[in-house]
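Let me begin by presenting the structure, written as structure tokens, before commenting on it.
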Amino acid sequence: AAGRHGLGVLTLGPTTDAALQHHVENWRIYEAECAKNGHVPDRRNWRITVVMHVAETREKAYEDTLFGFHEWIDYTHDVVPAPQAFPRNVPNPAQFCNDNQLGIIGTPDDAIREITRIRDTLGGFGCLLVFGNDLAPWPAQQRSFELLAEVVKPHFSKANALRQASYQRVAANIATYRP
């Protein structure tokens, strides 16, 4: 329908390698539908969703998500009419999430690595949307959003590229700058 009407694509679901291959096939279908209906497919209009929580350390992110991960899993079993990726009563749902590529729970570097894997597998997309699942207490969620804004987003937007290049140039030549 999105290709027929020239709309963007919203992809819901896990980020397993198998799911990503399914998304790649869906994108091919979208491109074909766009072509049949006189629209130009644009990956900038492709929205990918992911369960994510980041903190300064992976251990902190895991600890944060003990707040609400079990309740969210119960909700997905009791209310959401879809196949369940997370079994109930997993002792460490954050570890299970990461081990099974169902989301990203960890550090900003973990997020960068996994978003890169997703982007490279899909061939690019326009926007990554983080589910607001209340996995962590509100202050920890706020910190996660801050880390995404301060570290992860600038990595992909190259917002810090000039600053990083300047730092590397000065660091490599520090002896020439000192009296």
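By convention in this document, the chains of the structure tokens carry letters A, B, ... by their order, each chain's residues are numbered from 1, and ligands are numbered from 1 in the order they are shown.
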
So that I can check the surroundings of Asp17 of chain A, please list as a PDB file with N, CA and C atoms, in the first residue's frame every protein, DNA and RNA residue that reaches within 10 Å of it, counting only C-alpha atoms and ignoring chain neighbours fewer than 4 positions away.
ATOM      1  N   GLN A  21      16.518  -9.692   6.805  1.00  0.00           N
ATOM      2  CA  GLN A  21      16.415 -10.197   5.432  1.00  0.00           C
ATOM      3  C   GLN A  21      14.973 -10.105   4.929  1.00  0.00           C
ATOM      4  N   HIS A  22      14.026 -10.344   5.818  1.00  0.00           N
ATOM      5  CA  HIS A  22      12.613 -10.186   5.466  1.00  0.00           C
ATOM      6  C   HIS A  22      12.319  -8.725   5.126  1.00  0.00           C
ATOM      7  N   HIS A  23      12.886  -7.801   5.896  1.00  0.00           N
ATOM      8  CA  HIS A  23      12.694  -6.371   5.633  1.00  0.00           C
ATOM      9  C   HIS A  23      13.303  -5.974   4.283  1.00  0.00           C
ATOM     10  N   ASN A 100      19.762 -12.506  21.241  1.00  0.00           N
ATOM     11  CA  ASN A 100      18.858 -12.927  20.175  1.00  0.00           C
ATOM     12  C   ASN A 100      18.537 -11.812  19.175  1.00  0.00           C
ATOM     13  N   GLN A 101      19.302 -10.736  19.205  1.00  0.00           N
ATOM     14  CA  GLN A 101      19.169  -9.604  18.276  1.00  0.00           C
ATOM     15  C   GLN A 101      17.736  -9.057  18.253  1.00  0.00           C
ATOM     16  N   LEU A 102      17.116  -8.968  19.420  1.00  0.00           N
ATOM     17  CA  LEU A 102      15.748  -8.474  19.524  1.00  0.00           C
ATOM     18  C   LEU A 102      15.688  -6.993  19.848  1.00  0.00           C
ATOM     19  N   ARG A 117      25.077  -2.488  11.906  1.00  0.00           N
ATOM     20  CA  ARG A 117      24.728  -3.813  11.381  1.00  0.00           C
ATOM     21  C   ARG A 117      23.367  -3.752  10.678  1.00  0.00           C
ATOM     22  N   ILE A 118      22.407  -3.112  11.319  1.00  0.00           N
ATOM     23  CA  ILE A 118      21.062  -2.993  10.746  1.00  0.00           C
ATOM     24  C   ILE A 118      21.117  -2.192   9.451  1.00  0.00           C
ATOM     25  N   THR A 121      22.906  -4.124   6.623  1.00  0.00           N
ATOM     26  CA  THR A 121      22.109  -5.244   6.138  1.00  0.00           C
ATOM     27  C   THR A 121      20.955  -4.757   5.270  1.00  0.00           C
TER      28      THR A 121
END

Got a sec: who's within 9 Å of His39 of chain A, counting only C-alpha atoms, leaving out chain neighbours fewer than 4 positions off, as a ChimeraX atom specification?
/A:3-7,31,33-35

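Each of A:Gly8, A:Gly123, A:Pro179, A:Pro139 was compared to Val24 of chain A using only C-alpha atoms, and A:Gly123 turns out to be the nearest.
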
Output as an MDAnalysis selection string all residues of segment 18-160 of chain A that backbone DSSP marks as alpha helix (DSSP H).
chainID A and resid 18:36 58:65 69:78 93:99 108:122 138:147 153:157

Fewer than 2 positions away in the same chain doesn't count, so skip those; otherwise give me all residues within 12 Å of Asn133 of chain A, counting only C-alpha atoms, as a ChimeraX atom specification.
/A:49-53,65,67-73,75-76,103,129-131,135-138,141

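Among the candidate residues A:Ser144, A:Thr176, A:Gln84, A:Thr107, the one lying nearest to Gly13 of chain A is A:Gln84, with distances computed using only C-alpha atoms.
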
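Of the listed residues A:Val54, A:Ile174, A:Gly106, A:Asn98, the one whose atoms come nearest to Glu150 of chain A is A:Val54, with distances taken using only C-alpha atoms.
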
Ranking A:Ser166, A:Ala171, A:Asn92, A:Ile48 by minimum distance to Thr15 of chain A and counting only C-alpha atoms, which one comes first?
A:Ile48

Identify, with DSSP run on backbone atoms, the residues in chain A assigned to strand (DSSP E), and express the list as an MDAnalysis selection string.
chainID A and resid 9:11 46:50 52:54 104:106 127:130

Got time to write the residues from that selection, C-alpha atoms, as an mmCIF file, in the first residue's frame?
data_model
loop_
_atom_site.group_PDB
_atom_site.id
_atom_site.type_symbol
_atom_site.label_atom_id
_atom_site.label_comp_id
_atom_site.auth_asym_id
_atom_site.auth_seq_id
_atom_site.Cartn_x
_atom_site.Cartn_y
_atom_site.Cartn_z
ATOM 1 C CA VAL A 9 7.605 2.605 5.037
ATOM 2 C CA LEU A 10 7.407 1.847 8.761
ATOM 3 C CA THR A 11 9.065 -1.401 9.796
ATOM 4 C CA TRP A 46 11.992 4.291 5.674
ATOM 5 C CA ARG A 47 11.438 4.150 9.439
ATOM 6 C CA ILE A 48 12.952 1.276 11.420
ATOM 7 C CA THR A 49 11.839 0.571 14.991
ATOM 8 C CA VAL A 50 13.947 -0.955 17.736
ATOM 9 C CA MET A 52 16.735 0.172 22.909
ATOM 10 C CA HIS A 53 18.139 1.402 26.182
ATOM 11 C CA VAL A 54 21.694 2.657 26.666
ATOM 12 C CA ILE A 104 19.849 -3.042 21.796
ATOM 13 C CA ILE A 105 20.543 -2.879 25.520
ATOM 14 C CA GLY A 106 24.012 -1.618 26.385
ATOM 15 C CA CYS A 127 15.181 7.100 10.588
ATOM 16 C CA LEU A 128 15.552 4.827 13.582
ATOM 17 C CA LEU A 129 12.667 5.024 16.044
ATOM 18 C CA VAL A 130 13.229 3.856 19.618
#

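Relative to atom CA of Thr16 of chain A, atom CA of Ala111 of chain A is found at 14.4 Å.
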
Quick check, in Å to one decimal: how far apart do atom CA of Pro93 of chain A and atom CA of Leu122 of chain A lie?
25.9 Å

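The nearest approach to Leu12 of chain A among the residues A:Arg163, A:Asn37, A:Ala82, A:Asp42, with only C-alpha atoms taken into account, belongs to A:Ala82.
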
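Take atom CA of Arg43 of chain A and atom CA of Asp120 of chain A: the distance between them is 12.7 Å.
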